[in-house]
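> One structure, as structure tokens, below. Some questions next.
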Amino acid sequence: MTDAINADIATIGRINAVPAILQVICETTGLRFAAVARVSENNWTACAVLDTLGFGLTVGSQLDVASTLCHEIRSTHETIVIDKASEDELYCQHHTPQLYRFESYISVPVFRTDGRFFGTICALDPAPATLRGSAIQPMMESFARLLAIQIESEENAQRTERALRKERAMAEVREQFIAVLDHDLRNPLFAITAGAELLTQRLDDDKNRAIARHIHTCGRRASQLVGDVLDFARGRLGSGIPLNQQPCADLAEGLRHVASELQRVHPLRQVVLDIGDIGGLLCDRERVTQLLSNLIANALDHGDPHSPVTVTAVIANGEFVLSVHNHGRPIAAQTLGQLFKPFTRPLSAAPQQGLGLGLYIASQIALSHGGRMQVVSDEQQGTLFSFHLPVDRPGPPATPPASS
């Protein structure tokens with residue numbers, strides 16, 4: 001038996017209405033054997049059976065389709081109704097009634113909703129019965145249409161369940177991936193950078209101290225790459241970048257600290273700050289400073305090396321706006337719409353650091369806050385990236401007070 005036939009048997013077996021349909025058919029017609037059959041080119045296969053006759057077929061039983069009348073139904077797509085086979089003009093000499101020893105018989109075709117032939121709903125009995133001209137045929141044909149709908153519904157449900165199982169398995173892989181990044185990579189990198197920093201302080205030899213500083217710089221860079229990939233995994237593959245939002249009184253201090261760190265890394269560049277009164281903004285301080293760090297690093301990498309990078313942070317007109325401006329070659333119009341997608345880099349023959357995740361992560365931080373990123377770029381004004389965050393917006397759910 002093929003996998004497809006086994007799947008069809010399982011599908012019919014999961015449809016709760018099928019036993020009731022067979023019961024109604026037997027009670028209405030008086031026939032003591034009824035079945036839903038999958039009819040293929042070679043085989044008649046029982047998918048559901050109600051047998052009070054002792055006919056001998058059970059679910060999964062197969063017959064040579066050529067020995068059955070369902071072979072003809074598969075070809076003609078027409079219902080067959082026989083009251084008394086031994087006196088029927090068409091079937092009195094037919095091999096099927098003689099082989100299976102029945103007199104009364106009815107079988108209706110079942111089609112899938114897309115029109116493909118599935119099989120039949122059939123019933124029979126050794127005793128004659130009055131079936132022609134009654135309501136039995138239209139009833140069974142209605143059952144066949146109902147069954148077609150149920151088959152499609154069940155198969156759709158199974159596809160959905162398989163997709164859900166696959167998604168759950170993927171979710172487990174994602175969680176394992178994030179756990180590896182967060183623990184198995186970050187921990188040894190932290191040990192490397194901490195050890196290199198200690199060596200820098202203790203070594204007396206300038207050459208060895210320079211090597212230790214290089215190790216420390218590379219370790220921090222690797223940690224940043226791991227952090228970017230971790231945020232990418234959480235933001236794109238997981239449930240979003242996590243936030244810890246609260247009124248932030250020292251956000252301005254955090255922004256100045258980020259700018260100062262990047263200024264030290266690029267001593268020949270100038271980072272100009274214009275930070276207004278932004279105290280008390282509801283946000284995740286660490287994530288907003290990370291967003292700024294990514295924007296400043298992007299401006300330093302791609303802006304005019306002889307012009308300053310200007311950082312502005314204000315609350316005006318009901319929203320917090322954090323912007324980073326640089327002069328230099330403008331971003332091509334066709335590139336602007338791609339900047340906040342992951343692994344996006346400007347076209348350049350020069351070697352480039354990073355994975356192209358900085359602007360994507362900045363946009364995800366903005367979205368997680370309920371804000372948005374904007375970018376404008378032209379020859380005269382330069383390039384301006386800005387983070388816009390409404391001040392008057394719902395905050396995170398309050399933590400219930402501990403019971404005393």
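Residue numbers start at 1 in each chain; chains themselves are named A, B, ... in the order of the structure tokens; ligands are numbered from 1 in the order shown.
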Show me, as an MDAnalysis selection string, the residues that have an atom within 8 Å of stretch 32-47 of chain A when counting only C-alpha atoms, minus same-chain residues fewer than 3 positions from it.
chainID A and resid 5 8:10 12:13 22 25:26 50:53 55 57:66 68 70:71 74 118:125
> Please return, as a list in words, all residues of stretch 129-294 of chain A that DSSP assigns to strand (DSSP E or B) on the basis of the backbone.
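Secondary structure check on stretch 129-294 of chain A, strand (DSSP E or B): Gln246, Pro247, Cys248, Val271, Val272, Leu273, Asp274, Ile275, Leu281, Leu282 and Cys283 of chain A.
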> Excluding A:Gly133 and any residue of its chain fewer than 3 positions from it, enumerate the residues within 12 Å of it, using only C-alpha atoms, and give them as a ChimeraX atom specification.
/A:81-83,129-130,136-139
> Would you work out the distance separating atom CA of A:Gln364 from atom CA of A:Leu336, expressed in Å to one decimal?
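Taking atom CA of A:Gln364 and atom CA of A:Leu336, their separation equals 16.6 Å.
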> Find the residue from A:Ile80, A:Leu31, A:Leu251, A:Leu295 that sits nearest to A:Pro128; use only C-alpha atoms when measuring.
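Nearest to A:Pro128: A:Leu31.
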> Can you pull out the residues contacting A:Asp392? Cut-off 12 Å, using only C-alpha atoms, and skip same-chain residues under 4 positions away; I want them as a ChimeraX atom specification.
/A:281-283,315-320,370-371
> In stretch 37-199 of chain A, what's helix (DSSP H, G or I) per DSSP? Answer as a ChimeraX atom specification?
/A:65-67,70-76,85-87,95-100,136-199
> Have a look at atom CA of A:Glu172 and atom CA of A:Val226 and let me know their distance in Å, one decimal.
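Computed distance, atom CA of A:Glu172 to atom CA of A:Val226, equals 19.6 Å.
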> I want to know what sits within 12 Å of A:Ile296, based on only C-alpha atoms, with residues of the same chain fewer than 2 positions away left out; could you give that as JSON, numbers by chain?
{"A": [255, 256, 258, 259, 260, 261, 262, 263, 265, 266, 269, 270, 271, 272, 273, 289, 290, 291, 292, 293, 294, 298, 299, 300, 301, 302, 303, 308, 309, 310, 311, 312, 322, 323, 324, 325, 326, 358, 359, 362, 383, 384, 385, 386]}
> For the selection you just gave me, I'd like the residues written to a file as a short mmCIF file (atom, residue, chain, number, x, y, z; two decimals), in the first residue's frame, keeping C-alpha atoms.

```
data_model
loop_
_atom_site.label_atom_id
_atom_site.label_comp_id
_atom_site.auth_asym_id
_atom_site.auth_seq_id
_atom_site.Cartn_x
_atom_site.Cartn_y
_atom_site.Cartn_z
CA LEU A 255 24.60 59.48 24.96
CA ARG A 256 27.63 61.66 25.82
CA VAL A 258 28.89 56.72 23.78
CA ALA A 259 30.05 59.69 21.73
CA SER A 260 33.14 60.06 23.92
CA GLU A 261 34.09 56.38 23.49
CA LEU A 262 33.85 56.59 19.71
CA GLN A 263 35.78 59.87 19.73
CA VAL A 265 38.60 55.29 18.96
CA HIS A 266 38.75 57.91 16.16
CA ARG A 269 37.63 62.85 13.87
CA GLN A 270 35.31 65.35 15.53
CA VAL A 271 32.00 64.38 17.14
CA VAL A 272 29.87 67.41 18.05
CA LEU A 273 27.03 67.04 20.58
CA THR A 289 22.78 54.32 23.52
CA GLN A 290 23.45 51.21 21.39
CA LEU A 291 21.34 52.73 18.62
CA LEU A 292 23.36 55.96 18.82
CA SER A 293 26.63 54.02 18.83
CA ASN A 294 25.62 52.26 15.61
CA ASN A 298 28.17 54.40 10.50
CA ALA A 299 28.73 58.15 10.07
CA LEU A 300 32.42 57.86 10.96
CA ASP A 301 32.90 54.96 8.54
CA HIS A 302 31.11 56.48 5.55
CA GLY A 303 31.12 60.25 6.09
CA PRO A 308 32.44 66.67 11.94
CA VAL A 309 29.73 64.20 12.89
CA THR A 310 26.94 66.05 14.67
CA VAL A 311 24.69 64.38 17.25
CA THR A 312 21.44 66.08 18.25
CA LEU A 322 17.90 61.56 18.20
CA SER A 323 19.79 62.37 15.00
CA VAL A 324 23.28 61.88 13.60
CA HIS A 325 24.46 64.06 10.71
CA ASN A 326 27.55 63.81 8.53
CA GLY A 358 24.34 48.06 12.56
CA LEU A 359 21.56 50.03 10.86
CA ALA A 362 19.16 50.39 15.12
CA THR A 383 23.26 62.57 5.37
CA LEU A 384 20.97 62.64 8.40
CA PHE A 385 19.83 59.53 10.29
CA SER A 386 17.18 60.17 12.94
#
```
> At what distance in Å, to one decimal, does atom CA of A:Leu339 lie from atom CA of A:Glu379?
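Going from atom CA of A:Glu379 over to atom CA of A:Leu339 covers 17.9 Å.
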> Counting only C-alpha atoms, figure out which residue out of A:Gln98, A:Ser134, A:Gln246, A:Gln380 gets nearest to A:Gly279.
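Among the listed residues, A:Gln246 lies closest to A:Gly279.
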> Rank nothing, just name the residue among A:Val173, A:Ile241, A:Val314, A:Val391 nearest to A:Ser368, using only C-alpha atoms.
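When distances to A:Ser368 are compared using only C-alpha atoms, the smallest one comes from A:Ile241.
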